[in-house]
$ cat target.cif   # mmCIF, C-alpha atoms
data_final
#
loop_
_atom_site.group_PDB
_atom_site.id
_atom_site.type_symbol
_atom_site.label_atom_id
_atom_site.label_comp_id
_atom_site.auth_asym_id
_atom_site.auth_seq_id
_atom_site.Cartn_x
_atom_site.Cartn_y
_atom_site.Cartn_z
ATOM 1 C CA LEU R 1 0.000 0.000 0.000
ATOM 2 C CA ILE R 2 1.629 3.213 -1.140
ATOM 3 C CA GLY R 3 0.028 6.422 0.070
ATOM 4 C CA ARG R 4 0.455 10.142 -0.037
ATOM 5 C CA ARG R 5 0.074 11.633 3.435
ATOM 6 C CA PRO R 6 -3.242 13.502 3.752
ATOM 7 C CA ALA R 7 -3.118 17.197 4.522
ATOM 8 C CA ALA R 8 -5.332 19.399 6.620
ATOM 9 C CA ARG R 9 -8.200 21.506 5.299
ATOM 10 C CA ARG R 10 -7.679 22.974 1.884
ATOM 11 C CA ARG R 11 -7.211 26.644 1.266
ATOM 12 C CA SER R 12 -7.803 26.750 -2.470
ATOM 13 C CA GLY R 13 -6.951 24.436 -5.309
ATOM 14 C CA SER R 14 -4.321 21.992 -4.101
ATOM 15 C CA CYS R 15 -3.157 24.214 -1.224
ATOM 16 C CA THR R 16 -3.725 23.573 2.442
ATOM 17 C CA ARG R 17 -4.267 26.115 5.164
ATOM 18 C CA PRO R 18 -1.454 26.795 7.629
ATOM 19 C CA GLY R 19 -1.521 24.459 10.603
ATOM 20 C CA ARG R 20 -3.104 25.470 13.874
ATOM 21 C CA ARG R 21 0.313 25.670 15.539
ATOM 22 C CA ARG R 22 1.632 28.155 12.973
ATOM 23 C CA ARG R 23 -1.506 30.314 13.168
ATOM 24 C CA ALA R 24 -1.254 30.467 16.938
ATOM 25 C CA ALA R 25 2.454 31.287 16.761
ATOM 26 C CA ARG R 26 1.803 34.178 14.380
ATOM 27 C CA ALA R 27 -0.944 35.539 16.643
ATOM 28 C CA ARG R 28 1.303 35.636 19.689
ATOM 29 C CA GLY R 29 4.497 36.574 17.857
ATOM 30 C CA GLY R 30 6.126 33.282 18.805
ATOM 31 C CA PRO R 31 9.208 31.643 17.283
ATOM 32 C CA ASP R 32 7.284 30.370 14.271
ATOM 33 C CA ALA R 33 5.827 33.777 13.443
ATOM 34 C CA GLY R 34 6.654 34.473 9.814
ATOM 35 C CA ARG R 35 9.548 31.997 9.877
ATOM 36 C CA ARG R 36 10.842 30.910 6.495
ATOM 37 C CA PRO R 37 13.996 29.012 5.603
ATOM 38 C CA ALA R 38 16.874 31.286 4.627
ATOM 39 C CA ASN R 39 18.182 31.321 1.047
ATOM 40 C CA VAL R 40 15.283 29.297 -0.311
ATOM 41 C CA ALA R 41 15.922 28.184 -3.904
ATOM 42 C CA VAL R 42 13.216 29.171 -6.329
ATOM 43 C CA ARG R 43 11.919 25.718 -7.140
ATOM 44 C CA HIS R 44 8.438 24.390 -7.635
ATOM 45 C CA GLY R 45 8.355 22.483 -4.353
ATOM 46 C CA SER R 46 9.650 25.182 -2.012
ATOM 47 C CA ALA R 47 7.682 27.949 -3.757
ATOM 48 C CA ALA R 48 4.497 25.876 -3.582
ATOM 49 C CA VAL R 49 4.971 25.309 0.152
ATOM 50 C CA ASP R 50 5.444 29.028 0.809
ATOM 51 C CA TYR R 51 2.443 29.951 -1.313
ATOM 52 C CA CYS R 52 0.128 27.302 0.126
ATOM 53 C CA GLU R 53 1.156 27.998 3.715
ATOM 54 C CA GLY R 54 0.487 31.701 3.372
ATOM 55 C CA PHE R 55 4.119 32.865 3.529
ATOM 56 C CA ARG R 56 5.793 35.347 1.214
ATOM 57 C CA LEU R 57 7.057 33.836 -1.993
ATOM 58 C CA PRO R 58 10.858 33.491 -1.908
ATOM 59 C CA GLY R 59 13.016 36.341 -3.176
ATOM 60 C CA ASN R 60 11.401 38.539 -5.802
ATOM 61 C CA LEU R 61 9.184 35.765 -7.103
ATOM 62 C CA THR R 62 5.785 37.083 -8.157
ATOM 63 C CA LEU R 63 2.572 35.096 -8.273
ATOM 64 C CA ASP R 64 2.623 35.089 -12.084
ATOM 65 C CA THR R 65 6.200 33.806 -12.132
ATOM 66 C CA TYR R 66 5.338 31.162 -9.524
ATOM 67 C CA LYS R 67 2.510 29.904 -11.750
ATOM 68 C CA LEU R 68 4.943 29.735 -14.662
ATOM 69 C CA VAL R 69 7.385 27.749 -12.490
ATOM 70 C CA ALA R 70 4.572 25.351 -11.580
ATOM 71 C CA GLN R 71 3.555 24.894 -15.216
ATOM 72 C CA THR R 72 7.168 24.274 -16.209
ATOM 73 C CA ALA R 73 7.545 21.685 -13.449
ATOM 74 C CA GLU R 74 4.434 19.869 -14.635
ATOM 75 C CA MET R 75 5.802 19.862 -18.190
ATOM 76 C CA GLY R 76 9.012 18.370 -16.822
ATOM 77 C CA TYR R 77 7.106 15.612 -15.050
ATOM 78 C CA GLY R 78 5.234 14.891 -18.274
ATOM 79 C CA TYR R 79 8.551 14.612 -20.112
ATOM 80 C CA VAL R 80 9.759 11.991 -17.672
ATOM 81 C CA PHE R 81 6.650 9.884 -18.287
ATOM 82 C CA GLY R 82 7.416 9.730 -21.984
ATOM 83 C CA SER R 83 11.164 9.172 -21.760
ATOM 84 C CA PRO R 84 13.636 6.434 -20.742
ATOM 85 C CA LEU R 85 13.909 8.233 -17.395
ATOM 86 C CA LEU R 86 10.617 6.642 -16.374
ATOM 87 C CA LYS R 87 12.215 3.240 -15.794
ATOM 88 C CA PHE R 88 15.138 4.816 -13.941
ATOM 89 C CA VAL R 89 12.718 6.497 -11.556
ATOM 90 C CA SER R 90 10.423 3.512 -11.027
ATOM 91 C CA THR R 91 12.635 0.416 -11.118
ATOM 92 C CA PRO R 92 13.915 0.479 -7.491
ATOM 93 C CA LEU R 93 10.397 0.733 -6.040
ATOM 94 C CA ILE R 94 8.903 -1.818 -8.450
ATOM 95 C CA GLU R 95 11.661 -4.290 -7.570
ATOM 96 C CA ARG R 96 10.861 -3.897 -3.867
ATOM 97 C CA ILE R 97 7.145 -4.393 -4.513
ATOM 98 C CA GLY R 98 7.841 -7.521 -6.570
ATOM 99 C CA GLY R 99 10.124 -8.872 -3.878
ATOM 100 C CA MET R 100 7.496 -8.421 -1.178
ATOM 101 C CA LEU R 101 4.814 -10.101 -3.308
ATOM 102 C CA ASP R 102 7.147 -13.000 -4.071
ATOM 103 C CA ALA R 103 7.862 -13.481 -0.376
ATOM 104 C CA VAL R 104 4.143 -13.753 0.393
ATOM 105 C CA ALA R 105 3.445 -15.941 -2.634
ATOM 106 C CA ASN R 106 6.262 -18.326 -1.677
ATOM 107 C CA GLY R 107 5.190 -18.459 1.961
ATOM 108 C CA THR R 108 8.479 -17.067 3.234
ATOM 109 C CA SER R 109 8.494 -17.209 7.029
ATOM 110 C CA GLY R 110 8.124 -13.874 8.808
ATOM 111 C CA THR R 111 6.712 -12.030 5.798
ATOM 112 C CA PRO R 112 4.122 -9.472 6.929
ATOM 113 C CA LYS R 113 0.638 -9.678 5.433
ATOM 114 C CA LEU R 114 0.363 -5.912 5.168
ATOM 115 C CA VAL R 115 3.114 -3.478 4.235
ATOM 116 C CA GLU R 116 2.546 0.273 4.138
ATOM 117 C CA TRP R 117 4.883 2.775 2.514
ATOM 118 C CA SER R 118 4.408 6.519 2.661
ATOM 119 C CA GLY R 119 5.342 8.425 -0.464
ATOM 120 C CA HIS R 120 4.554 11.488 -2.513
ATOM 121 C CA ASP R 121 2.654 12.446 -5.636
ATOM 122 C CA TRP R 122 5.998 12.022 -7.408
ATOM 123 C CA THR R 123 6.014 8.422 -6.137
ATOM 124 C CA ILE R 124 2.555 7.477 -7.385
ATOM 125 C CA MET R 125 2.509 9.186 -10.801
ATOM 126 C CA PRO R 126 5.583 7.577 -12.398
ATOM 127 C CA LEU R 127 4.761 4.227 -10.806
ATOM 128 C CA LEU R 128 1.353 4.148 -12.505
ATOM 129 C CA ALA R 129 2.820 5.350 -15.782
ATOM 130 C CA ALA R 130 5.569 2.721 -15.717
ATOM 131 C CA LEU R 131 3.293 -0.204 -14.910
ATOM 132 C CA GLN R 132 0.976 0.358 -17.865
ATOM 133 C CA LYS R 133 0.675 3.210 -20.321
ATOM 134 C CA ASN R 134 -3.010 3.963 -19.693
ATOM 135 C CA LEU R 135 -2.967 3.718 -15.887
ATOM 136 C CA TYR R 136 -1.764 7.246 -15.152
ATOM 137 C CA PRO R 137 -4.917 9.406 -15.419
ATOM 138 C CA GLY R 138 -3.007 12.595 -16.234
ATOM 139 C CA ALA R 139 -4.322 14.337 -13.117
ATOM 140 C CA TRP R 140 -2.249 15.206 -10.058
ATOM 141 C CA PRO R 141 -2.883 12.696 -7.240
ATOM 142 C CA PRO R 142 -5.107 14.272 -4.579
ATOM 143 C CA PHE R 143 -4.040 14.533 -0.943
ATOM 144 C CA GLY R 144 -4.496 11.160 0.676
ATOM 145 C CA ALA R 145 -4.078 9.312 -2.644
ATOM 146 C CA HIS R 146 -3.144 5.671 -2.211
ATOM 147 C CA LEU R 147 -2.198 2.743 -4.412
ATOM 148 C CA ALA R 148 -2.699 -0.809 -3.155
ATOM 149 C CA PHE R 149 -1.204 -4.011 -4.538
ATOM 150 C CA GLU R 150 -3.515 -6.793 -3.339
ATOM 151 C CA LEU R 151 -2.457 -10.443 -3.532
ATOM 152 C CA TRP R 152 -5.431 -12.826 -3.655
ATOM 153 C CA GLU R 153 -5.765 -16.601 -3.600
ATOM 154 C CA GLN R 154 -8.756 -17.962 -5.508
ATOM 155 C CA ARG R 155 -9.364 -21.678 -6.051
ATOM 156 C CA GLY R 156 -5.734 -22.384 -5.270
ATOM 157 C CA ALA R 157 -4.397 -19.819 -7.770
ATOM 158 C CA LEU R 158 -2.772 -16.490 -6.923
ATOM 159 C CA GLY R 159 -3.874 -13.246 -8.512
ATOM 160 C CA VAL R 160 -3.148 -9.541 -8.084
ATOM 161 C CA ARG R 161 -5.485 -6.565 -8.016
ATOM 162 C CA LEU R 162 -4.251 -2.990 -8.267
ATOM 163 C CA VAL R 163 -6.448 -0.437 -6.501
ATOM 164 C CA TYR R 164 -6.026 3.340 -6.797
ATOM 165 C CA ASN R 165 -7.968 5.508 -4.334
ATOM 166 C CA GLY R 166 -10.457 2.705 -3.709
ATOM 167 C CA SER R 167 -11.105 1.826 -7.370
ATOM 168 C CA PRO R 168 -9.602 -1.234 -9.123
ATOM 169 C CA LEU R 169 -7.425 -0.354 -12.110
ATOM 170 C CA PRO R 170 -7.881 -2.121 -15.458
ATOM 171 C CA LEU R 171 -4.659 -4.033 -16.031
ATOM 172 C CA ASP R 172 -4.182 -5.630 -19.435
ATOM 173 C CA CYS R 173 -3.776 -8.999 -17.726
ATOM 174 C CA THR R 174 -6.980 -8.708 -15.638
ATOM 175 C CA GLU R 175 -9.336 -11.641 -16.158
ATOM 176 C CA ALA R 176 -13.083 -12.024 -15.611
ATOM 177 C CA ALA R 177 -12.691 -12.509 -11.847
ATOM 178 C CA GLY R 178 -11.079 -9.071 -11.605
ATOM 179 C CA LEU R 179 -7.622 -10.462 -10.863
ATOM 180 C CA CYS R 180 -4.422 -10.583 -12.888
ATOM 181 C CA PRO R 181 -2.823 -14.066 -12.683
ATOM 182 C CA TYR R 182 0.314 -13.845 -10.578
ATOM 183 C CA ALA R 183 2.717 -14.944 -13.304
ATOM 184 C CA SER R 184 1.219 -12.380 -15.691
ATOM 185 C CA PHE R 185 1.527 -9.636 -13.102
ATOM 186 C CA ARG R 186 5.170 -10.474 -12.452
ATOM 187 C CA ALA R 187 5.758 -10.277 -16.196
ATOM 188 C CA LEU R 188 4.110 -6.840 -16.171
ATOM 189 C CA LEU R 189 6.469 -5.724 -13.385
ATOM 190 C CA ALA R 190 9.486 -7.088 -15.248
ATOM 191 C CA ASN R 191 8.463 -5.177 -18.369
ATOM 192 C CA ALA R 192 8.225 -1.956 -16.334
ATOM 193 C CA THR R 193 11.783 -2.204 -15.020
ATOM 194 C CA SER R 194 15.330 -2.162 -16.314
ATOM 195 C CA ALA R 195 17.822 -4.755 -15.065
ATOM 196 C CA THR R 196 20.696 -2.376 -15.889
ATOM 197 C CA TRP R 197 19.066 0.812 -14.627
ATOM 198 C CA ARG R 198 22.042 1.781 -12.455
ATOM 199 C CA ASP R 199 24.477 1.741 -15.372
ATOM 200 C CA GLU R 200 21.975 3.357 -17.727
ATOM 201 C CA CYS R 201 21.169 6.118 -15.247
ATOM 202 C CA ALA R 202 24.866 6.864 -14.709
ATOM 203 C CA THR R 203 25.461 7.337 -18.429
ATOM 204 C CA TYR R 204 22.166 9.007 -19.377
ATOM 205 C CA PRO R 205 22.869 12.361 -21.107
#

$ encode --input "target.cif" --output "structure tokens"
Amino acid sequence: LIGRRPAARRRSGSCTRPGRRRRAARARGGPDAGRRPANVAVRHGSAAVDYCEGFRLPGNLTLDTYKLVAQTAEMGYGYVFGSPLLKFVSTPLIERIGGMLDAVANGTSGTPKLVEWSGHDWTIMPLLAALQKNLYPGAWPPFGAHLAFELWEQRGALGVRLVYNGSPLPLDCTEAAGLCPYASFRALLANATSATWRDECATYP
């Protein structure tokens, strides 16, 4: 189960309101009042945090320029999904997922029945895109988004179901029972990874 940590109440769009502790600190002039990291680089992530938390944008960054930075970042993410970089980004996590499923399928002693990993939007998006071309919906994962890899046993056969935010995803290998046969799912994982990703990543232009 891979999830993106849910945030508090939303301010507008994908932003969240400042936490209660920060609001109280500002009201009483405490140590958190107006605090911002020094020498913040103008990047999508740090600028988005400042904007969504109600702080000043870093440096001389205007709202219009911030929106341009955000659009450029999204274009960059889209480039990754259509390039060889996708396998570089996704292979380590997919290999861990496959290893955990294999351990359960093989009955390895001490293997937990439930494993939870906390990630980010940047964890979920490329993972979906790498597994199957049509799985990534093209929309930013909402706060609290989660992706579950469910291993089922039905009539003595193992199958996998992939569930995104509570809804099963249509894998190419899914059969009438709603499950992808285990061997077919492992083949799907193998196709989404690169055995030489470390060497390829080191020499990628």

$ resolve_selection --input "target.cif" --expression "the PyMOL selection byres ((chain R and resi 182) around 9)" --output "MDAnalysis selection string"
chainID R and resid 105 151 157:160 179:181 183:187

$ atom_distance --input "target.cif" --atom1 "CA of Ala148 (chain R)" --atom2 "CA of Val163 (chain R)"
5.0 Å

$ atom_distance --input "target.cif" --atom1 "CA of Phe55 (chain R)" --atom2 "CA of Lys67 (chain R)"
15.6 Å

$ atom_distance --input "target.cif" --atom1 "CA of Thr91 (chain R)" --atom2 "CA of Ala192 (chain R)"
7.2 Å

$ resolve_selection --input "target.cif" --expression "the PyMOL selection byres ((chain R and resi 121-124) around 10)" --output "list in words"
Ile2, Gly3, Arg4, Arg5, Tyr77, Val89, Ser90, Leu93, Ser118, Gly119, His120, Met125, Pro126, Leu127, Leu128, Ala129, Tyr136, Trp140, Pro141, Pro142, Phe143, Gly144, Ala145, His146, Leu147 and Tyr164 of chain R

$ closest_residue --input "target.cif" --among "R:Thr108, R:Gly138, R:Trp117, R:Tyr66" --to "Arg96 (chain R)" --atoms "all atoms listed in the file"
R:Trp117

$ axis_aligned_box --input "target.cif" --around "region 176-182 of chain R" --padding-each-side "5 Å" --output "JSON"
{"center_x": -6.4, "center_y": -11.6, "center_z": -13.1, "size_x": 23.4, "size_y": 15.0, "size_z": 15.0}
